[in-house]
>>> print(open('data.pdb').read())   # PDB, C-alpha atoms and all ligand atoms
ATOM      1  CA  MET W  11     -57.774-159.332 156.542  1.00  0.00           C
ATOM      2  CA  ASN W  12     -55.402-160.221 153.744  1.00  0.00           C
ATOM      3  CA  HIS W  13     -55.387-162.590 150.760  1.00  0.00           C
ATOM      4  CA  ASN W  14     -58.241-163.935 148.659  1.00  0.00           C
ATOM      5  CA  LEU W  15     -59.278-167.562 148.290  1.00  0.00           C
ATOM      6  CA  ASN W  16     -56.884-168.356 145.434  1.00  0.00           C
ATOM      7  CA  SER W  17     -53.895-166.605 146.942  1.00  0.00           C
ATOM      8  CA  ALA W  18     -54.557-168.134 150.379  1.00  0.00           C
ATOM      9  CA  VAL W  19     -54.600-171.661 148.953  1.00  0.00           C
ATOM     10  CA  LYS W  20     -51.473-170.955 146.916  1.00  0.00           C
ATOM     11  CA  PHE W  21     -49.783-169.499 149.978  1.00  0.00           C
ATOM     12  CA  ALA W  22     -50.593-172.659 151.956  1.00  0.00           C
ATOM     13  CA  SER W  23     -49.280-175.092 149.371  1.00  0.00           C
ATOM     14  CA  ASP W  24     -46.125-173.043 148.691  1.00  0.00           C
ATOM     15  CA  PHE W  25     -45.522-172.762 152.438  1.00  0.00           C
ATOM     16  CA  LEU W  26     -45.898-176.526 152.965  1.00  0.00           C
ATOM     17  CA  GLU W  27     -43.354-177.220 150.261  1.00  0.00           C
ATOM     18  CA  LEU W  28     -40.847-174.865 151.892  1.00  0.00           C
ATOM     19  CA  ILE W  29     -41.178-176.189 155.446  1.00  0.00           C
ATOM     20  CA  LYS W  30     -41.510-179.883 154.843  1.00  0.00           C
ATOM     21  CA  ASP W  31     -38.327-180.662 156.792  1.00  0.00           C
ATOM     22  CA  GLU W  32     -39.484-178.691 159.823  1.00  0.00           C
ATOM     23  CA  TYR W  33     -42.296-180.945 160.919  1.00  0.00           C
ATOM     24  CA  LYS W  34     -40.983-181.280 164.466  1.00  0.00           C
ATOM     25  CA  LYS W  35     -41.964-177.681 165.185  1.00  0.00           C
ATOM     26  CA  ASP W  36     -45.424-176.538 166.200  1.00  0.00           C
ATOM     27  CA  ILE W  37     -46.648-174.475 163.280  1.00  0.00           C
ATOM     28  CA  VAL W  38     -50.070-172.850 163.270  1.00  0.00           C
ATOM     29  CA  VAL W  39     -51.654-170.787 160.524  1.00  0.00           C
ATOM     30  CA  CYS W  40     -54.389-168.530 161.903  1.00  0.00           C
ATOM     31  CA  ALA W  41     -56.602-167.803 158.931  1.00  0.00           C
ATOM     32  CA  PRO W  42     -59.773-165.723 158.483  1.00  0.00           C
ATOM     33  CA  PHE W  43     -63.007-167.755 158.850  1.00  0.00           C
ATOM     34  CA  PRO W  44     -63.814-168.228 155.114  1.00  0.00           C
ATOM     35  CA  TYR W  45     -60.393-169.776 154.423  1.00  0.00           C
ATOM     36  CA  LEU W  46     -60.471-172.378 157.195  1.00  0.00           C
ATOM     37  CA  ALA W  47     -62.223-175.127 155.231  1.00  0.00           C
ATOM     38  CA  PRO W  48     -60.146-174.742 152.042  1.00  0.00           C
ATOM     39  CA  LEU W  49     -56.883-174.508 154.005  1.00  0.00           C
ATOM     40  CA  ALA W  50     -57.809-177.572 156.080  1.00  0.00           C
ATOM     41  CA  LYS W  51     -57.742-179.554 152.827  1.00  0.00           C
ATOM     42  CA  VAL W  52     -54.262-178.272 151.947  1.00  0.00           C
ATOM     43  CA  PHE W  53     -52.881-178.921 155.446  1.00  0.00           C
ATOM     44  CA  ALA W  54     -54.550-182.339 155.866  1.00  0.00           C
ATOM     45  CA  ASP W  55     -52.021-185.014 156.897  1.00  0.00           C
ATOM     46  CA  THR W  56     -49.315-182.458 157.636  1.00  0.00           C
ATOM     47  CA  ASN W  57     -48.341-181.134 161.042  1.00  0.00           C
ATOM     48  CA  VAL W  58     -49.413-177.588 160.204  1.00  0.00           C
ATOM     49  CA  LEU W  59     -52.390-176.799 162.400  1.00  0.00           C
ATOM     50  CA  LEU W  60     -55.090-174.278 161.738  1.00  0.00           C
ATOM     51  CA  GLY W  61     -56.317-171.491 163.921  1.00  0.00           C
ATOM     52  CA  THR W  62     -58.401-168.412 163.427  1.00  0.00           C
ATOM     53  CA  GLN W  63     -58.237-164.806 164.614  1.00  0.00           C
ATOM     54  CA  ASN W  64     -61.387-164.230 166.655  1.00  0.00           C
ATOM     55  CA  LEU W  65     -64.508-165.903 168.040  1.00  0.00           C
ATOM     56  CA  CYS W  66     -67.747-164.944 169.751  1.00  0.00           C
ATOM     57  CA  HIS W  67     -67.867-165.094 173.546  1.00  0.00           C
ATOM     58  CA  LYS W  68     -71.398-166.525 173.381  1.00  0.00           C
ATOM     59  CA  GLU W  69     -72.054-170.197 172.813  1.00  0.00           C
ATOM     60  CA  GLU W  70     -75.001-170.059 170.434  1.00  0.00           C
ATOM     61  CA  GLY W  71     -78.173-168.176 169.653  1.00  0.00           C
ATOM     62  CA  ALA W  72     -79.305-164.889 168.148  1.00  0.00           C
ATOM     63  CA  PHE W  73     -75.945-163.142 167.678  1.00  0.00           C
ATOM     64  CA  THR W  74     -76.126-162.188 164.019  1.00  0.00           C
ATOM     65  CA  GLY W  75     -72.775-162.117 162.282  1.00  0.00           C
ATOM     66  CA  GLU W  76     -70.854-163.866 165.044  1.00  0.00           C
ATOM     67  CA  VAL W  77     -68.988-167.188 164.946  1.00  0.00           C
ATOM     68  CA  SER W  78     -68.896-169.400 168.036  1.00  0.00           C
ATOM     69  CA  ALA W  79     -66.336-171.808 169.463  1.00  0.00           C
ATOM     70  CA  SER W  80     -68.757-174.686 168.901  1.00  0.00           C
ATOM     71  CA  MET W  81     -68.772-173.852 165.176  1.00  0.00           C
ATOM     72  CA  LEU W  82     -65.018-173.317 164.956  1.00  0.00           C
ATOM     73  CA  LYS W  83     -63.984-176.525 166.714  1.00  0.00           C
ATOM     74  CA  ASP W  84     -64.818-178.514 163.567  1.00  0.00           C
ATOM     75  CA  PHE W  85     -62.459-176.380 161.493  1.00  0.00           C
ATOM     76  CA  CYS W  86     -59.462-175.434 163.613  1.00  0.00           C
ATOM     77  CA  ASN W  87     -57.523-176.006 166.836  1.00  0.00           C
ATOM     78  CA  TYR W  88     -56.359-172.521 167.821  1.00  0.00           C
ATOM     79  CA  VAL W  89     -57.871-169.069 168.128  1.00  0.00           C
ATOM     80  CA  ILE W  90     -56.171-165.715 168.654  1.00  0.00           C
ATOM     81  CA  ILE W  91     -57.958-163.763 171.389  1.00  0.00           C
ATOM     82  CA  GLY W  92     -57.523-160.127 172.391  1.00  0.00           C
ATOM     83  CA  HIS W  93     -55.207-159.059 169.579  1.00  0.00           C
ATOM     84  CA  SER W  94     -54.460-155.352 170.027  1.00  0.00           C
ATOM     85  CA  GLU W  95     -56.335-154.561 166.804  1.00  0.00           C
ATOM     86  CA  ARG W  96     -59.447-156.191 168.291  1.00  0.00           C
ATOM     87  CA  ARG W  97     -58.929-154.209 171.472  1.00  0.00           C
ATOM     88  CA  GLN W  98     -58.214-150.873 169.767  1.00  0.00           C
ATOM     89  CA  LEU W  99     -60.479-150.991 166.706  1.00  0.00           C
ATOM     90  CA  PHE W 100     -63.367-153.082 168.001  1.00  0.00           C
ATOM     91  CA  GLY W 101     -63.465-152.072 171.655  1.00  0.00           C
ATOM     92  CA  GLU W 102     -62.616-155.474 173.142  1.00  0.00           C
ATOM     93  CA  THR W 103     -62.035-155.277 176.871  1.00  0.00           C
ATOM     94  CA  ASP W 104     -60.167-157.624 179.205  1.00  0.00           C
ATOM     95  CA  LYS W 105     -63.577-158.837 180.438  1.00  0.00           C
ATOM     96  CA  LEU W 106     -64.635-159.792 176.921  1.00  0.00           C
ATOM     97  CA  VAL W 107     -61.245-161.416 176.336  1.00  0.00           C
ATOM     98  CA  ASN W 108     -61.826-163.458 179.495  1.00  0.00           C
ATOM     99  CA  GLU W 109     -65.257-164.589 178.257  1.00  0.00           C
ATOM    100  CA  LYS W 110     -63.800-165.530 174.890  1.00  0.00           C
ATOM    101  CA  ILE W 111     -61.041-167.582 176.555  1.00  0.00           C
ATOM    102  CA  ASN W 112     -63.668-169.522 178.509  1.00  0.00           C
ATOM    103  CA  ALA W 113     -65.746-170.062 175.371  1.00  0.00           C
ATOM    104  CA  ALA W 114     -62.689-171.383 173.496  1.00  0.00           C
ATOM    105  CA  LEU W 115     -61.554-173.689 176.314  1.00  0.00           C
ATOM    106  CA  LYS W 116     -65.023-175.183 176.620  1.00  0.00           C
ATOM    107  CA  TYR W 117     -64.716-176.430 173.029  1.00  0.00           C
ATOM    108  CA  GLU W 118     -61.049-177.407 173.309  1.00  0.00           C
ATOM    109  CA  LEU W 119     -59.734-174.657 171.112  1.00  0.00           C
ATOM    110  CA  THR W 120     -56.326-173.409 172.256  1.00  0.00           C
ATOM    111  CA  PRO W 121     -56.545-169.678 172.890  1.00  0.00           C
ATOM    112  CA  ILE W 122     -53.517-167.586 171.907  1.00  0.00           C
ATOM    113  CA  VAL W 123     -54.115-164.687 174.269  1.00  0.00           C
ATOM    114  CA  CYS W 124     -52.461-161.390 173.380  1.00  0.00           C
ATOM    115  CA  CYS W 125     -51.186-158.802 175.793  1.00  0.00           C
ATOM    116  CA  GLY W 126     -48.863-155.850 175.357  1.00  0.00           C
ATOM    117  CA  GLU W 127     -48.344-152.277 176.369  1.00  0.00           C
ATOM    118  CA  THR W 128     -48.939-149.034 174.480  1.00  0.00           C
ATOM    119  CA  LEU W 129     -46.044-146.738 173.635  1.00  0.00           C
ATOM    120  CA  GLY W 130     -47.361-144.286 176.243  1.00  0.00           C
ATOM    121  CA  ALA W 131     -47.220-146.929 178.970  1.00  0.00           C
ATOM    122  CA  ARG W 132     -43.675-147.941 177.999  1.00  0.00           C
ATOM    123  CA  ASN W 133     -42.445-144.342 177.884  1.00  0.00           C
ATOM    124  CA  ALA W 134     -44.006-143.685 181.288  1.00  0.00           C
ATOM    125  CA  ASN W 135     -42.240-146.766 182.745  1.00  0.00           C
ATOM    126  CA  LYS W 136     -45.612-148.391 183.287  1.00  0.00           C
ATOM    127  CA  THR W 137     -45.099-151.539 181.188  1.00  0.00           C
ATOM    128  CA  ASN W 138     -45.209-153.842 184.214  1.00  0.00           C
ATOM    129  CA  GLU W 139     -48.440-152.410 185.607  1.00  0.00           C
ATOM    130  CA  PHE W 140     -50.065-152.344 182.162  1.00  0.00           C
ATOM    131  CA  ILE W 141     -49.305-156.010 181.467  1.00  0.00           C
ATOM    132  CA  ALA W 142     -50.105-157.187 185.006  1.00  0.00           C
ATOM    133  CA  SER W 143     -53.499-155.510 184.789  1.00  0.00           C
ATOM    134  CA  GLN W 144     -54.235-157.062 181.375  1.00  0.00           C
ATOM    135  CA  LEU W 145     -53.256-160.511 182.658  1.00  0.00           C
ATOM    136  CA  THR W 146     -55.158-160.182 185.939  1.00  0.00           C
ATOM    137  CA  ASN W 147     -58.384-159.236 184.173  1.00  0.00           C
ATOM    138  CA  SER W 148     -58.070-161.342 181.019  1.00  0.00           C
ATOM    139  CA  LEU W 149     -57.159-164.524 182.909  1.00  0.00           C
ATOM    140  CA  ALA W 150     -59.506-163.926 185.867  1.00  0.00           C
ATOM    141  CA  GLY W 151     -60.968-167.118 187.315  1.00  0.00           C
ATOM    142  CA  LEU W 152     -58.799-169.527 185.310  1.00  0.00           C
ATOM    143  CA  ASN W 153     -57.272-172.283 187.410  1.00  0.00           C
ATOM    144  CA  SER W 154     -53.843-173.897 187.177  1.00  0.00           C
ATOM    145  CA  LYS W 155     -55.227-176.788 185.107  1.00  0.00           C
ATOM    146  CA  GLN W 156     -56.727-174.399 182.552  1.00  0.00           C
ATOM    147  CA  LEU W 157     -53.822-172.001 182.270  1.00  0.00           C
ATOM    148  CA  PRO W 158     -51.378-174.345 180.450  1.00  0.00           C
ATOM    149  CA  LYS W 159     -54.100-174.908 177.830  1.00  0.00           C
ATOM    150  CA  ILE W 160     -53.570-171.287 176.831  1.00  0.00           C
ATOM    151  CA  GLU W 161     -50.671-169.754 174.972  1.00  0.00           C
ATOM    152  CA  LEU W 162     -49.755-166.180 175.774  1.00  0.00           C
ATOM    153  CA  ALA W 163     -48.501-163.757 173.152  1.00  0.00           C
ATOM    154  CA  TYR W 164     -46.573-160.689 174.227  1.00  0.00           C
ATOM    155  CA  GLU W 165     -47.128-158.090 171.548  1.00  0.00           C
ATOM    156  CA  PRO W 166     -46.011-154.566 172.430  1.00  0.00           C
ATOM    157  CA  ILE W 167     -48.517-152.396 170.579  1.00  0.00           C
ATOM    158  CA  TRP W 168     -45.795-150.010 169.398  1.00  0.00           C
ATOM    159  CA  ALA W 169     -44.113-152.931 167.587  1.00  0.00           C
ATOM    160  CA  ILE W 170     -47.102-154.338 165.683  1.00  0.00           C
ATOM    161  CA  GLY W 171     -47.009-153.586 161.982  1.00  0.00           C
ATOM    162  CA  THR W 172     -44.648-150.673 162.602  1.00  0.00           C
ATOM    163  CA  GLY W 173     -41.364-152.302 161.636  1.00  0.00           C
ATOM    164  CA  LYS W 174     -40.122-151.491 165.167  1.00  0.00           C
ATOM    165  CA  THR W 175     -39.295-154.784 166.836  1.00  0.00           C
ATOM    166  CA  ALA W 176     -38.604-154.921 170.545  1.00  0.00           C
ATOM    167  CA  THR W 177     -34.925-155.714 170.997  1.00  0.00           C
ATOM    168  CA  PRO W 178     -34.349-159.303 172.129  1.00  0.00           C
ATOM    169  CA  GLU W 179     -33.363-157.928 175.568  1.00  0.00           C
ATOM    170  CA  VAL W 180     -36.515-155.810 175.957  1.00  0.00           C
ATOM    171  CA  ALA W 181     -38.727-158.671 174.777  1.00  0.00           C
ATOM    172  CA  GLN W 182     -36.971-161.137 177.102  1.00  0.00           C
ATOM    173  CA  GLU W 183     -37.382-158.784 180.052  1.00  0.00           C
ATOM    174  CA  THR W 184     -41.149-158.572 179.517  1.00  0.00           C
ATOM    175  CA  HIS W 185     -41.498-162.304 178.860  1.00  0.00           C
ATOM    176  CA  ALA W 186     -39.672-162.968 182.146  1.00  0.00           C
ATOM    177  CA  LEU W 187     -42.029-160.552 183.845  1.00  0.00           C
ATOM    178  CA  ILE W 188     -45.047-162.420 182.456  1.00  0.00           C
ATOM    179  CA  ARG W 189     -43.599-165.758 183.594  1.00  0.00           C
ATOM    180  CA  SER W 190     -42.943-164.454 187.085  1.00  0.00           C
ATOM    181  CA  TRP W 191     -46.487-163.056 187.231  1.00  0.00           C
ATOM    182  CA  ILE W 192     -47.717-166.612 186.502  1.00  0.00           C
ATOM    183  CA  LYS W 193     -45.361-168.010 189.175  1.00  0.00           C
ATOM    184  CA  GLU W 194     -46.717-165.605 191.712  1.00  0.00           C
ATOM    185  CA  LYS W 195     -50.414-166.067 190.877  1.00  0.00           C
ATOM    186  CA  TYR W 196     -50.261-169.790 190.148  1.00  0.00           C
ATOM    187  CA  ASN W 197     -47.070-171.785 190.730  1.00  0.00           C
ATOM    188  CA  ASN W 198     -43.625-172.537 189.291  1.00  0.00           C
ATOM    189  CA  LYS W 199     -44.755-175.656 187.456  1.00  0.00           C
ATOM    190  CA  THR W 200     -47.549-173.840 185.638  1.00  0.00           C
ATOM    191  CA  ALA W 201     -45.237-170.936 184.787  1.00  0.00           C
ATOM    192  CA  ASP W 202     -42.594-173.288 183.374  1.00  0.00           C
ATOM    193  CA  LYS W 203     -45.179-175.103 181.263  1.00  0.00           C
ATOM    194  CA  MET W 204     -46.687-171.963 179.719  1.00  0.00           C
ATOM    195  CA  ARG W 205     -45.739-171.095 176.200  1.00  0.00           C
ATOM    196  CA  ILE W 206     -45.145-167.359 175.830  1.00  0.00           C
ATOM    197  CA  ILE W 207     -44.591-166.214 172.274  1.00  0.00           C
ATOM    198  CA  TYR W 208     -43.434-162.840 170.959  1.00  0.00           C
ATOM    199  CA  GLY W 209     -45.163-160.784 168.260  1.00  0.00           C
ATOM    200  CA  GLY W 210     -44.450-157.409 166.718  1.00  0.00           C
ATOM    201  CA  SER W 211     -42.575-156.947 163.431  1.00  0.00           C
ATOM    202  CA  VAL W 212     -40.986-160.418 163.556  1.00  0.00           C
ATOM    203  CA  LYS W 213     -39.104-160.949 160.289  1.00  0.00           C
ATOM    204  CA  PRO W 214     -36.581-163.482 158.985  1.00  0.00           C
ATOM    205  CA  GLU W 215     -33.812-160.953 159.715  1.00  0.00           C
ATOM    206  CA  ASN W 216     -34.631-160.440 163.404  1.00  0.00           C
ATOM    207  CA  CYS W 217     -36.167-163.758 164.399  1.00  0.00           C
ATOM    208  CA  LYS W 218     -33.127-165.758 165.537  1.00  0.00           C
ATOM    209  CA  PRO W 219     -31.902-163.588 168.455  1.00  0.00           C
ATOM    210  CA  LEU W 220     -35.493-163.235 169.678  1.00  0.00           C
ATOM    211  CA  MET W 221     -36.047-166.994 169.628  1.00  0.00           C
ATOM    212  CA  GLN W 222     -32.772-167.569 171.498  1.00  0.00           C
ATOM    213  CA  GLN W 223     -34.044-165.735 174.598  1.00  0.00           C
ATOM    214  CA  ALA W 224     -34.751-167.950 177.596  1.00  0.00           C
ATOM    215  CA  ASP W 225     -38.405-166.961 178.035  1.00  0.00           C
ATOM    216  CA  ILE W 226     -39.401-166.567 174.380  1.00  0.00           C
ATOM    217  CA  ASP W 227     -41.038-169.784 173.225  1.00  0.00           C
ATOM    218  CA  GLY W 228     -42.115-168.879 169.712  1.00  0.00           C
ATOM    219  CA  ALA W 229     -43.358-166.112 167.449  1.00  0.00           C
ATOM    220  CA  LEU W 230     -46.718-164.649 166.450  1.00  0.00           C
ATOM    221  CA  VAL W 231     -46.050-163.325 162.988  1.00  0.00           C
ATOM    222  CA  GLY W 232     -48.250-160.826 161.167  1.00  0.00           C
ATOM    223  CA  GLY W 233     -47.010-159.105 158.011  1.00  0.00           C
ATOM    224  CA  ALA W 234     -44.090-161.461 157.406  1.00  0.00           C
ATOM    225  CA  SER W 235     -46.415-164.482 157.508  1.00  0.00           C
ATOM    226  CA  LEU W 236     -48.381-163.358 154.465  1.00  0.00           C
ATOM    227  CA  LYS W 237     -45.715-164.562 152.034  1.00  0.00           C
ATOM    228  CA  ALA W 238     -44.771-168.245 152.036  1.00  0.00           C
ATOM    229  CA  GLU W 239     -41.063-167.472 151.611  1.00  0.00           C
ATOM    230  CA  SER W 240     -40.688-165.098 154.549  1.00  0.00           C
ATOM    231  CA  PHE W 241     -42.909-167.177 156.861  1.00  0.00           C
ATOM    232  CA  ALA W 242     -40.916-170.304 155.969  1.00  0.00           C
ATOM    233  CA  LYS W 243     -37.651-168.477 156.714  1.00  0.00           C
ATOM    234  CA  ILE W 244     -39.009-167.598 160.155  1.00  0.00           C
ATOM    235  CA  VAL W 245     -39.960-171.238 160.765  1.00  0.00           C
ATOM    236  CA  LYS W 246     -36.371-172.143 159.815  1.00  0.00           C
ATOM    237  CA  PHE W 247     -34.924-169.322 161.920  1.00  0.00           C
ATOM    238  CA  GLU W 248     -31.848-171.288 163.031  1.00  0.00           C
ATOM    239  CA  LYS W 249     -30.588-171.119 159.465  1.00  0.00           C
ATOM    240  CA  GLN W 250     -30.855-167.306 159.218  1.00  0.00           C
TER     241      GLN W 250
HETATM  242  P1  LIG A 301     -46.603-157.787 162.582  1.00  0.00           P
HETATM  243  O1  LIG A 301     -48.009-158.165 163.234  1.00  0.00           O
HETATM  244  O2  LIG A 301     -45.756-159.022 162.605  1.00  0.00           O
HETATM  245  O3  LIG A 301     -46.971-157.345 161.178  1.00  0.00           O
HETATM  246  O4  LIG A 301     -46.036-156.666 163.385  1.00  0.00           O
HETATM  247  C1  LIG A 301     -48.065-158.865 164.422  1.00  0.00           C
HETATM  248  C2  LIG A 301     -49.492-159.125 164.753  1.00  0.00           C
HETATM  249  O5  LIG A 301     -50.379-158.576 164.068  1.00  0.00           O
HETATM  250  O6  LIG A 301     -49.773-159.868 165.684  1.00  0.00           O
END
>>> encode(input="data.pdb", output="structure tokens")
Amino acid sequence: MNHNLNSAVKFASDFLELIKDEYKKDIVVCAPFPYLAPLAKVFADTNVLLGTQNLCHKEEGAFTGEVSASMLKDFCNYVIIGHSERRQLFGETDKLVNEKINAALKYELTPIVCCGETLGARNANKTNEFIASQLTNSLAGLNSKQLPKIELAYEPIWAIGTGKTATPEVAQETHALIRSWIKEKYNNKTADKMRIIYGGSVKPENCKPLMQQADIDGALVGGASLKAESFAKIVKFEKQ
């Protein structure tokens, strides 16, 4: 919940200018609902795709204040689901996350599904159980054709907005754990195809070693994506 209309549009055009040589990469800007239409104009005919940060699990009807996948599909291609702020501040459960994933897939929006442990779980050596339980319940009922249509984001809650990034080794270890969970529940091919991205205090200064890890396939950037310069540096992480 950052920016206003003018600053969002300026951000988008400044960002485009800075990343114009990076068009081979998959770059998605997940904007709040009111900025989707104006940003779509700025990003038209570029390879920057738009996403948003939430959706309603219901398809249509009397759900005052909610925004459905069928509405969003005309404005964007991606949607973040189950961000830890949604879970912690708005009471979203794994069951609701699962319903939202199904709603998004039905309208061909790519869900970016967040998972990640609390500091308490990590300190108690319960990271594996915590993540396995989130994945089991959030992805319940999805088959091996549906799963690769999803992107997973590993975001340790203790690293989001705190300035404390997981070390590349810690992040890699959990990403590998997530991939082996997919191997076990689905199959090797599905696990290899899945994109698993890391989020939690990603900055230009720490991005490169994270992105060099075998099981880290990209970044979900919060604070450092609000300024065109720092987001562009992350996109061009090889040069850092
Ligand atoms: P951060 O946020 O990069 O500011 O830690 C990550 C997120 O909100 O997903």
>>> atom_distance(input="data.pdb", atom1="CA of Phe140 (chain W)", atom2="CA of Ala114 (chain W)")
24.4 Å
>>> resolve_selection(input="data.pdb", expression="the PyMOL selection byres (((chain W and resi 227) around 8) and not hetatm)", output="JSON, numbers by chain")
{"W": [205, 206, 207, 208, 221, 224, 225, 226, 228, 229]}
>>> write_last_selection(input="data.pdb", atoms="C-alpha atoms", output="compact mmCIF listing (two decimals), in the coordinates of the input")
# COMPACT_ATOMS: atom_id res chain seq x y z
CA ARG W 205 -45.74 -171.10 176.20
CA ILE W 206 -45.14 -167.36 175.83
CA ILE W 207 -44.59 -166.21 172.27
CA TYR W 208 -43.43 -162.84 170.96
CA MET W 221 -36.05 -166.99 169.63
CA ALA W 224 -34.75 -167.95 177.60
CA ASP W 225 -38.40 -166.96 178.04
CA ILE W 226 -39.40 -166.57 174.38
CA GLY W 228 -42.12 -168.88 169.71
CA ALA W 229 -43.36 -166.11 167.45
>>> closest_atom_pairs(input="data.pdb", of="chain W", to="ligand LIG 301 (chain A)", cutoff="9 Å", atoms="all atoms listed in the file", output="tab-separated table")
residue	atom	partner	partner_atom	distance
W:His93	CA	A:LIG301	O6	6.7
W:Ser94	CA	A:LIG301	O6	7.8
W:Glu95	CA	A:LIG301	O5	7.7
W:Cys124	CA	A:LIG301	O6	8.3
W:Ala163	CA	A:LIG301	O6	8.5
W:Glu165	CA	A:LIG301	O6	6.7
W:Ile167	CA	A:LIG301	O4	8.7
W:Trp168	CA	A:LIG301	O4	9.0
W:Ala169	CA	A:LIG301	O4	5.9
W:Ile170	CA	A:LIG301	O4	3.4
W:Gly171	CA	A:LIG301	O4	3.5
W:Thr172	CA	A:LIG301	O4	6.2
W:Gly173	CA	A:LIG301	O4	6.6
W:Lys174	CA	A:LIG301	O4	8.1
W:Thr175	CA	A:LIG301	O4	7.8
W:Tyr208	CA	A:LIG301	O6	8.8
W:Gly209	CA	A:LIG301	C1	5.2
W:Gly210	CA	A:LIG301	O4	3.8
W:Ser211	CA	A:LIG301	O4	3.5
W:Val212	CA	A:LIG301	O2	5.1
W:Lys213	CA	A:LIG301	O2	7.3
W:Ala229	CA	A:LIG301	O2	8.9
W:Leu230	CA	A:LIG301	O6	5.7
W:Val231	CA	A:LIG301	O2	4.3
W:Gly232	CA	A:LIG301	O1	3.4
W:Gly233	CA	A:LIG301	O3	3.6
W:Ala234	CA	A:LIG301	O2	6.0
W:Ser235	CA	A:LIG301	O2	7.5
>>> resolve_selection(input="data.pdb", expression="the PyMOL selection byres (((chain W and resi 57) around 10) and not hetatm)", output="PyMOL selection string")
chain W and resi 26+30+32-38+53-56+58-60
>>> atom_distance(input="data.pdb", atom1="CA of Cys217 (chain W)", atom2="CA of Ile244 (chain W)")
6.4 Å
>>> resolve_selection(input="data.pdb", expression="the PyMOL selection byres (((chain W and resi 242) around 10) and not hetatm)", output="NGL selection string")
:W and (24-30 or 32 or 214 or 234-235 or 237-241 or 243-247)
>>> atom_distance(input="data.pdb", atom1="CA of Met81 (chain W)", atom2="CA of Ser154 (chain W)")
26.6 Å
>>> closest_residue(input="data.pdb", among="W:Met204, W:Leu46, W:Ala176, W:Ile192", to="Glu161 (chain W)", atoms="all atoms listed in the file")
W:Met204
>>> residues_around(input="data.pdb", residues="Glu118 (chain W)", least_positions_apart="3", cutoff="12 Å", atoms="only C-alpha atoms", output="list in words")
Ala79, Ser80, Met81, Leu82, Lys83, Asp84, Phe85, Cys86, Asn87, Tyr88, Val89, Ile111, Asn112, Ala113, Ala114, Leu115, Pro121, Gln156, Lys159 and Ile160 of chain W
>>> residues_around(input="data.pdb", residues="region 196-200 of chain W", least_positions_apart="6", cutoff="9 Å", atoms="all atoms listed in the file", output="JSON, numbers by chain")
{"W": [153, 154, 155, 157, 158, 189, 190]}
>>> closest_residue(input="data.pdb", among="W:Glu70, W:Lys51, W:His13, W:Pro166", to="Leu129 (chain W)", atoms="all atoms listed in the file")
W:Pro166
>>> axis_aligned_box(input="data.pdb", around="region 123-128 of chain W", padding_each_side="6 Å", output="AutoDock Vina command-line options")
--center_x -51.2 --center_y -156.9 --center_z 174.9 --size_x 17.8 --size_y 27.7 --size_z 15.0
>>> closest_residue(input="data.pdb", among="W:Phe43, W:Phe100, W:Trp191, W:Tyr117", to="Glu139 (chain W)", atoms="only C-alpha atoms")
W:Trp191
>>> closest_residue(input="data.pdb", among="W:Gly75, W:Gly151, W:Gly61, W:Pro42", to="Asn108 (chain W)", atoms="only C-alpha atoms")
W:Gly151
>>> build_atoms(input="data.pdb", residues="region 186-196 of chain W", atoms="N, CA and C atoms", output="mmCIF file, keeping the file's coordinate frame")
data_model
loop_
_atom_site.group_PDB
_atom_site.id
_atom_site.type_symbol
_atom_site.label_atom_id
_atom_site.label_comp_id
_atom_site.auth_asym_id
_atom_site.auth_seq_id
_atom_site.Cartn_x
_atom_site.Cartn_y
_atom_site.Cartn_z
ATOM 1 N N ALA W 186 -40.033 -162.487 180.800
ATOM 2 C CA ALA W 186 -39.672 -162.968 182.146
ATOM 3 C C ALA W 186 -40.653 -162.410 183.174
ATOM 4 N N LEU W 187 -41.055 -161.189 182.952
ATOM 5 C CA LEU W 187 -42.029 -160.552 183.845
ATOM 6 C C LEU W 187 -43.373 -161.317 183.811
ATOM 7 N N ILE W 188 -43.784 -161.676 182.600
ATOM 8 C CA ILE W 188 -45.047 -162.420 182.456
ATOM 9 C C ILE W 188 -44.923 -163.777 183.162
ATOM 10 N N ARG W 189 -43.762 -164.436 182.966
ATOM 11 C CA ARG W 189 -43.599 -165.758 183.594
ATOM 12 C C ARG W 189 -43.572 -165.616 185.119
ATOM 13 N N SER W 190 -42.962 -164.559 185.614
ATOM 14 C CA SER W 190 -42.943 -164.454 187.085
ATOM 15 C C SER W 190 -44.323 -164.061 187.616
ATOM 16 N N TRP W 191 -45.095 -163.338 186.826
ATOM 17 C CA TRP W 191 -46.487 -163.056 187.231
ATOM 18 C C TRP W 191 -47.245 -164.390 187.381
ATOM 19 N N ILE W 192 -47.024 -165.311 186.429
ATOM 20 C CA ILE W 192 -47.717 -166.612 186.502
ATOM 21 C C ILE W 192 -47.229 -167.391 187.731
ATOM 22 N N LYS W 193 -45.918 -167.323 187.986
ATOM 23 C CA LYS W 193 -45.361 -168.010 189.175
ATOM 24 C C LYS W 193 -46.031 -167.515 190.436
ATOM 25 N N GLU W 194 -46.151 -166.215 190.506
ATOM 26 C CA GLU W 194 -46.717 -165.605 191.712
ATOM 27 C C GLU W 194 -48.193 -165.937 191.879
ATOM 28 N N LYS W 195 -48.956 -165.868 190.775
ATOM 29 C CA LYS W 195 -50.414 -166.067 190.877
ATOM 30 C C LYS W 195 -50.786 -167.547 190.861
ATOM 31 N N TYR W 196 -49.967 -168.361 190.249
ATOM 32 C CA TYR W 196 -50.261 -169.790 190.148
ATOM 33 C C TYR W 196 -49.129 -170.534 190.863
#
